[in-house]
>>> print(open('upload.pdb').read())   # PDB, C-alpha atoms, pLDDT in the B column
MODEL        1
ATOM      1  CA  MET A 253       0.000   0.000   0.000  1.00 49.00           C
ATOM      2  CA  PHE A 254       2.978   2.364   0.392  1.00 63.00           C
ATOM      3  CA  ASP A 255       4.472   1.991  -3.087  1.00 90.00           C
ATOM      4  CA  TYR A 256       3.177   3.481  -6.295  1.00 92.00           C
ATOM      5  CA  PRO A 257       1.211   0.922  -8.313  1.00 93.00           C
ATOM      6  CA  GLU A 258       2.818  -0.406 -11.495  1.00 94.00           C
ATOM      7  CA  ASN A 259       0.339   1.500 -13.637  1.00 95.00           C
ATOM      8  CA  TRP A 260       0.854   4.821 -11.813  1.00 96.00           C
ATOM      9  CA  ASP A 261       1.958   6.648 -14.981  1.00 95.00           C
ATOM     10  CA  ASP A 262      -1.307   5.716 -16.701  1.00 96.00           C
ATOM     11  CA  ILE A 263      -3.395   6.602 -13.638  1.00 96.00           C
ATOM     12  CA  SER A 264      -1.656   9.971 -13.361  1.00 97.00           C
ATOM     13  CA  LYS A 265      -1.997  10.787 -17.074  1.00 97.00           C
ATOM     14  CA  ASP A 266      -5.661   9.788 -17.124  1.00 97.00           C
ATOM     15  CA  LEU A 267      -6.490  11.870 -14.056  1.00 98.00           C
ATOM     16  CA  ARG A 268      -4.694  14.967 -15.339  1.00 98.00           C
ATOM     17  CA  LYS A 269      -6.520  14.593 -18.647  1.00 98.00           C
ATOM     18  CA  SER A 270      -9.897  14.125 -16.925  1.00 98.00           C
ATOM     19  CA  LYS A 271      -9.314  17.414 -15.078  1.00 98.00           C
ATOM     20  CA  PHE A 272      -8.503  19.136 -18.409  1.00 98.00           C
ATOM     21  CA  TYR A 273      -4.953  19.854 -17.219  1.00 98.00           C
ATOM     22  CA  ILE A 274      -6.213  22.476 -14.777  1.00 98.00           C
ATOM     23  CA  CYS A 275      -4.636  22.749 -11.339  1.00 98.00           C
ATOM     24  CA  GLN A 276      -7.318  21.993  -8.766  1.00 98.00           C
ATOM     25  CA  ASN A 277      -5.822  24.568  -6.416  1.00 97.00           C
ATOM     26  CA  CYS A 278      -4.831  27.698  -8.379  1.00 97.00           C
ATOM     27  CA  ARG A 279      -7.221  26.796 -11.246  1.00 97.00           C
ATOM     28  CA  PHE A 280      -4.604  27.708 -13.874  1.00 96.00           C
ATOM     29  CA  ASP A 281      -4.799  25.922 -17.222  1.00 96.00           C
ATOM     30  CA  PHE A 282      -1.648  23.876 -17.929  1.00 96.00           C
ATOM     31  CA  SER A 283      -2.931  22.194 -21.093  1.00 96.00           C
ATOM     32  CA  HIS A 284       0.047  23.610 -23.011  1.00 95.00           C
ATOM     33  CA  HIS A 285       2.505  22.674 -20.246  1.00 96.00           C
ATOM     34  CA  THR A 286       1.219  19.314 -18.991  1.00 96.00           C
ATOM     35  CA  ARG A 287       4.620  18.315 -17.585  1.00 95.00           C
ATOM     36  CA  LEU A 288       4.150  21.012 -14.946  1.00 97.00           C
ATOM     37  CA  LEU A 289       1.243  19.124 -13.377  1.00 97.00           C
ATOM     38  CA  ASP A 290       1.476  16.414 -10.727  1.00 97.00           C
ATOM     39  CA  VAL A 291      -1.032  14.153  -9.039  1.00 97.00           C
ATOM     40  CA  HIS A 292      -0.934  14.640  -5.286  1.00 97.00           C
ATOM     41  CA  HIS A 293      -1.872  11.977  -2.733  1.00 96.00           C
ATOM     42  CA  ILE A 294      -3.823  13.820  -0.081  1.00 95.00           C
ATOM     43  CA  ASP A 295      -3.010  11.258   2.628  1.00 94.00           C
ATOM     44  CA  GLY A 296       0.632  10.978   1.505  1.00 91.00           C
ATOM     45  CA  ILE A 297       0.343   7.261   0.721  1.00 93.00           C
ATOM     46  CA  PRO A 298       1.396   6.544  -2.903  1.00 93.00           C
ATOM     47  CA  GLY A 299      -0.436   3.228  -2.937  1.00 93.00           C
ATOM     48  CA  ASN A 300      -3.768   4.825  -2.092  1.00 95.00           C
ATOM     49  CA  ILE A 301      -5.165   5.571  -5.541  1.00 95.00           C
ATOM     50  CA  GLU A 302      -8.776   6.157  -4.516  1.00 96.00           C
ATOM     51  CA  GLN A 303     -10.137   9.086  -6.538  1.00 94.00           C
ATOM     52  CA  SER A 304     -10.998  10.898  -3.297  1.00 96.00           C
ATOM     53  CA  ASN A 305      -7.308  10.775  -2.329  1.00 97.00           C
ATOM     54  CA  LEU A 306      -5.909  12.178  -5.586  1.00 98.00           C
ATOM     55  CA  LYS A 307      -5.680  15.810  -6.596  1.00 98.00           C
ATOM     56  CA  VAL A 308      -4.241  17.361  -9.776  1.00 98.00           C
ATOM     57  CA  LEU A 309      -1.893  20.179  -8.825  1.00 98.00           C
ATOM     58  CA  CYS A 310       0.685  22.273 -10.635  1.00 97.00           C
ATOM     59  CA  LYS A 311       4.171  21.725  -9.292  1.00 97.00           C
ATOM     60  CA  GLU A 312       4.030  25.058  -7.454  1.00 96.00           C
ATOM     61  CA  CYS A 313       0.818  24.212  -5.605  1.00 96.00           C
ATOM     62  CA  HIS A 314       2.074  20.675  -4.997  1.00 96.00           C
ATOM     63  CA  SER A 315       5.247  22.033  -3.392  1.00 95.00           C
ATOM     64  CA  ASN A 316       3.095  24.072  -0.983  1.00 94.00           C
ATOM     65  CA  GLU A 317       1.272  21.017   0.366  1.00 94.00           C
ATOM     66  CA  PRO A 318       2.137  19.877   3.927  1.00 91.00           C
ATOM     67  CA  SER A 319       5.407  17.899   4.109  1.00 88.00           C
ATOM     68  CA  HIS A 320       6.394  18.906   0.548  1.00 89.00           C
ATOM     69  CA  GLY A 321       8.789  21.778   1.320  1.00 84.00           C
ATOM     70  CA  HIS A 322      11.734  19.693   0.108  1.00 88.00           C
ATOM     71  CA  TYR A 323      10.105  19.495  -3.320  1.00 91.00           C
ATOM     72  CA  LYS A 324      10.771  23.205  -3.983  1.00 88.00           C
ATOM     73  CA  LYS A 325      14.514  22.547  -4.117  1.00 87.00           C
ATOM     74  CA  VAL A 326      14.023  19.760  -6.656  1.00 89.00           C
ATOM     75  CA  ILE A 327      11.827  21.784  -9.024  1.00 93.00           C
ATOM     76  CA  GLN A 328      13.486  25.224  -8.989  1.00 91.00           C
ATOM     77  CA  LYS A 329      13.495  25.600 -12.801  1.00 92.00           C
ATOM     78  CA  GLU A 330       9.888  24.465 -13.108  1.00 94.00           C
ATOM     79  CA  LEU A 331       8.791  26.948 -10.430  1.00 94.00           C
ATOM     80  CA  GLU A 332      10.362  29.816 -12.377  1.00 93.00           C
ATOM     81  CA  LEU A 333       8.630  28.668 -15.556  1.00 94.00           C
ATOM     82  CA  ILE A 334       5.278  28.403 -13.754  1.00 94.00           C
ATOM     83  CA  LYS A 335       5.654  31.968 -12.461  1.00 92.00           C
ATOM     84  CA  GLN A 336       6.352  33.184 -16.014  1.00 92.00           C
ATOM     85  CA  ILE A 337       3.385  31.253 -17.396  1.00 91.00           C
ATOM     86  CA  LYS A 338       1.041  32.620 -14.755  1.00 90.00           C
ATOM     87  CA  LYS A 339       2.207  36.163 -15.575  1.00 90.00           C
ATOM     88  CA  GLY A 340       1.476  35.493 -19.254  1.00 88.00           C
ATOM     89  CA  GLU A 341       5.130  35.626 -20.273  1.00 79.00           C
ATOM     90  CA  LYS A 342       5.205  32.103 -21.772  1.00 71.00           C
TER
ENDMDL
END
>>> encode(input="upload.pdb", output="structure tokens")
Amino acid sequence: MFDYPENWDDISKDLRKSKFYICQNCRFDFSHHTRLLDVHHIDGIPGNIEQSNLKVLCKECHSNEPSHGHYKKVIQKELELIKQIKKGEK
């Protein structure tokens, strides 16, 4: 239950598509930058793939979730790009 399921890539792609590539937090449309979207596990358990536990978030919003502060260091370049996109510069 703690590991991602083997078909996680498909689950993640399908969920992002079903949400029209819109971040469920900031509501920004990432349909032209789909790689900047993640699927967040609300309870923090990667094996829990219940729809009620999954949320489509841009990498910026994902990095602001509880216990995800470390993620900001990993995605520095993506965060800059997201800021530019949200300002309409990209």
>>> residues_around(input="upload.pdb", residues="Ile334 (chain A)", least_positions_apart="6", cutoff="9 Å", atoms="all atoms listed in the file", output="list in words")
Leu288, Cys310, Lys311, Glu312 and Lys342 of chain A
>>> resolve_selection(input="upload.pdb", expression="the PyMOL selection byres ((chain A and resi 264-267) around 9)", output="list in words")
Asn259, Trp260, Asp261, Asp262, Ile263, Arg268, Lys269, Ser270, Lys271, Phe272, Tyr273, Asp290, Val291, Gln303, Leu306, Lys307 and Val308 of chain A
>>> atom_distance(input="upload.pdb", atom1="CA of Lys339 (chain A)", atom2="CA of Tyr323 (chain A)")
22.1 Å
>>> atom_distance(input="upload.pdb", atom1="CA of Asn316 (chain A)", atom2="CA of Glu258 (chain A)")
26.6 Å
>>> closest_residue(input="upload.pdb", among="A:Ser315, A:Asp255, A:Arg279, A:Ser304", to="Lys338 (chain A)", atoms="only C-alpha atoms")
A:Arg279
>>> resolve_selection(input="upload.pdb", expression="the PyMOL selection byres ((chain A and resi 298) around 8)", output="PDB file with C-alpha atoms, in the coordinates of the input")
ATOM      1  CA  MET A 253       0.000   0.000   0.000  1.00 49.00           C
ATOM      2  CA  PHE A 254       2.978   2.364   0.392  1.00 63.00           C
ATOM      3  CA  ASP A 255       4.472   1.991  -3.087  1.00 90.00           C
ATOM      4  CA  TYR A 256       3.177   3.481  -6.295  1.00 92.00           C
ATOM      5  CA  PRO A 257       1.211   0.922  -8.313  1.00 93.00           C
ATOM      6  CA  HIS A 293      -1.872  11.977  -2.733  1.00 96.00           C
ATOM      7  CA  GLY A 296       0.632  10.978   1.505  1.00 91.00           C
ATOM      8  CA  ILE A 297       0.343   7.261   0.721  1.00 93.00           C
ATOM      9  CA  GLY A 299      -0.436   3.228  -2.937  1.00 93.00           C
ATOM     10  CA  ASN A 300      -3.768   4.825  -2.092  1.00 95.00           C
ATOM     11  CA  ILE A 301      -5.165   5.571  -5.541  1.00 95.00           C
TER      12      ILE A 301
END
>>> decode(input="upload.pdb", residues="chain A", atoms="C-alpha atoms", output="PDB file, in the first residue's frame")
ATOM      1  CA  MET A 253       0.000   0.000   0.000  1.00  0.00           C
ATOM      2  CA  PHE A 254       2.978   2.364   0.392  1.00  0.00           C
ATOM      3  CA  ASP A 255       4.472   1.991  -3.087  1.00  0.00           C
ATOM      4  CA  TYR A 256       3.177   3.481  -6.295  1.00  0.00           C
ATOM      5  CA  PRO A 257       1.211   0.922  -8.313  1.00  0.00           C
ATOM      6  CA  GLU A 258       2.818  -0.406 -11.495  1.00  0.00           C
ATOM      7  CA  ASN A 259       0.339   1.500 -13.637  1.00  0.00           C
ATOM      8  CA  TRP A 260       0.854   4.821 -11.813  1.00  0.00           C
ATOM      9  CA  ASP A 261       1.958   6.648 -14.981  1.00  0.00           C
ATOM     10  CA  ASP A 262      -1.307   5.716 -16.701  1.00  0.00           C
ATOM     11  CA  ILE A 263      -3.395   6.602 -13.638  1.00  0.00           C
ATOM     12  CA  SER A 264      -1.656   9.971 -13.361  1.00  0.00           C
ATOM     13  CA  LYS A 265      -1.997  10.787 -17.074  1.00  0.00           C
ATOM     14  CA  ASP A 266      -5.661   9.788 -17.124  1.00  0.00           C
ATOM     15  CA  LEU A 267      -6.490  11.870 -14.056  1.00  0.00           C
ATOM     16  CA  ARG A 268      -4.694  14.967 -15.339  1.00  0.00           C
ATOM     17  CA  LYS A 269      -6.520  14.593 -18.647  1.00  0.00           C
ATOM     18  CA  SER A 270      -9.897  14.125 -16.925  1.00  0.00           C
ATOM     19  CA  LYS A 271      -9.314  17.414 -15.078  1.00  0.00           C
ATOM     20  CA  PHE A 272      -8.503  19.136 -18.409  1.00  0.00           C
ATOM     21  CA  TYR A 273      -4.953  19.854 -17.219  1.00  0.00           C
ATOM     22  CA  ILE A 274      -6.213  22.476 -14.777  1.00  0.00           C
ATOM     23  CA  CYS A 275      -4.636  22.749 -11.339  1.00  0.00           C
ATOM     24  CA  GLN A 276      -7.318  21.993  -8.766  1.00  0.00           C
ATOM     25  CA  ASN A 277      -5.822  24.568  -6.416  1.00  0.00           C
ATOM     26  CA  CYS A 278      -4.831  27.698  -8.379  1.00  0.00           C
ATOM     27  CA  ARG A 279      -7.221  26.796 -11.246  1.00  0.00           C
ATOM     28  CA  PHE A 280      -4.604  27.708 -13.874  1.00  0.00           C
ATOM     29  CA  ASP A 281      -4.799  25.922 -17.222  1.00  0.00           C
ATOM     30  CA  PHE A 282      -1.648  23.876 -17.929  1.00  0.00           C
ATOM     31  CA  SER A 283      -2.931  22.194 -21.093  1.00  0.00           C
ATOM     32  CA  HIS A 284       0.047  23.610 -23.011  1.00  0.00           C
ATOM     33  CA  HIS A 285       2.505  22.674 -20.246  1.00  0.00           C
ATOM     34  CA  THR A 286       1.219  19.314 -18.991  1.00  0.00           C
ATOM     35  CA  ARG A 287       4.620  18.315 -17.585  1.00  0.00           C
ATOM     36  CA  LEU A 288       4.150  21.012 -14.946  1.00  0.00           C
ATOM     37  CA  LEU A 289       1.243  19.124 -13.377  1.00  0.00           C
ATOM     38  CA  ASP A 290       1.476  16.414 -10.727  1.00  0.00           C
ATOM     39  CA  VAL A 291      -1.032  14.153  -9.039  1.00  0.00           C
ATOM     40  CA  HIS A 292      -0.934  14.640  -5.286  1.00  0.00           C
ATOM     41  CA  HIS A 293      -1.872  11.977  -2.733  1.00  0.00           C
ATOM     42  CA  ILE A 294      -3.823  13.820  -0.081  1.00  0.00           C
ATOM     43  CA  ASP A 295      -3.010  11.258   2.628  1.00  0.00           C
ATOM     44  CA  GLY A 296       0.632  10.978   1.505  1.00  0.00           C
ATOM     45  CA  ILE A 297       0.343   7.261   0.721  1.00  0.00           C
ATOM     46  CA  PRO A 298       1.396   6.544  -2.903  1.00  0.00           C
ATOM     47  CA  GLY A 299      -0.436   3.228  -2.937  1.00  0.00           C
ATOM     48  CA  ASN A 300      -3.768   4.825  -2.092  1.00  0.00           C
ATOM     49  CA  ILE A 301      -5.165   5.571  -5.541  1.00  0.00           C
ATOM     50  CA  GLU A 302      -8.776   6.157  -4.516  1.00  0.00           C
ATOM     51  CA  GLN A 303     -10.137   9.086  -6.538  1.00  0.00           C
ATOM     52  CA  SER A 304     -10.998  10.898  -3.297  1.00  0.00           C
ATOM     53  CA  ASN A 305      -7.308  10.775  -2.329  1.00  0.00           C
ATOM     54  CA  LEU A 306      -5.909  12.178  -5.586  1.00  0.00           C
ATOM     55  CA  LYS A 307      -5.680  15.810  -6.596  1.00  0.00           C
ATOM     56  CA  VAL A 308      -4.241  17.361  -9.776  1.00  0.00           C
ATOM     57  CA  LEU A 309      -1.893  20.179  -8.825  1.00  0.00           C
ATOM     58  CA  CYS A 310       0.685  22.273 -10.635  1.00  0.00           C
ATOM     59  CA  LYS A 311       4.171  21.725  -9.292  1.00  0.00           C
ATOM     60  CA  GLU A 312       4.030  25.058  -7.454  1.00  0.00           C
ATOM     61  CA  CYS A 313       0.818  24.212  -5.605  1.00  0.00           C
ATOM     62  CA  HIS A 314       2.074  20.675  -4.997  1.00  0.00           C
ATOM     63  CA  SER A 315       5.247  22.033  -3.392  1.00  0.00           C
ATOM     64  CA  ASN A 316       3.095  24.072  -0.983  1.00  0.00           C
ATOM     65  CA  GLU A 317       1.272  21.017   0.366  1.00  0.00           C
ATOM     66  CA  PRO A 318       2.137  19.877   3.927  1.00  0.00           C
ATOM     67  CA  SER A 319       5.407  17.899   4.109  1.00  0.00           C
ATOM     68  CA  HIS A 320       6.394  18.906   0.548  1.00  0.00           C
ATOM     69  CA  GLY A 321       8.789  21.778   1.320  1.00  0.00           C
ATOM     70  CA  HIS A 322      11.734  19.693   0.108  1.00  0.00           C
ATOM     71  CA  TYR A 323      10.105  19.495  -3.320  1.00  0.00           C
ATOM     72  CA  LYS A 324      10.771  23.205  -3.983  1.00  0.00           C
ATOM     73  CA  LYS A 325      14.514  22.547  -4.117  1.00  0.00           C
ATOM     74  CA  VAL A 326      14.023  19.760  -6.656  1.00  0.00           C
ATOM     75  CA  ILE A 327      11.827  21.784  -9.024  1.00  0.00           C
ATOM     76  CA  GLN A 328      13.486  25.224  -8.989  1.00  0.00           C
ATOM     77  CA  LYS A 329      13.495  25.600 -12.801  1.00  0.00           C
ATOM     78  CA  GLU A 330       9.888  24.465 -13.108  1.00  0.00           C
ATOM     79  CA  LEU A 331       8.791  26.948 -10.430  1.00  0.00           C
ATOM     80  CA  GLU A 332      10.362  29.816 -12.377  1.00  0.00           C
ATOM     81  CA  LEU A 333       8.630  28.668 -15.556  1.00  0.00           C
ATOM     82  CA  ILE A 334       5.278  28.403 -13.754  1.00  0.00           C
ATOM     83  CA  LYS A 335       5.654  31.968 -12.461  1.00  0.00           C
ATOM     84  CA  GLN A 336       6.352  33.184 -16.014  1.00  0.00           C
ATOM     85  CA  ILE A 337       3.385  31.253 -17.396  1.00  0.00           C
ATOM     86  CA  LYS A 338       1.041  32.620 -14.755  1.00  0.00           C
ATOM     87  CA  LYS A 339       2.207  36.163 -15.575  1.00  0.00           C
ATOM     88  CA  GLY A 340       1.476  35.493 -19.254  1.00  0.00           C
ATOM     89  CA  GLU A 341       5.130  35.626 -20.273  1.00  0.00           C
ATOM     90  CA  LYS A 342       5.205  32.103 -21.772  1.00  0.00           C
TER      91      LYS A 342
END
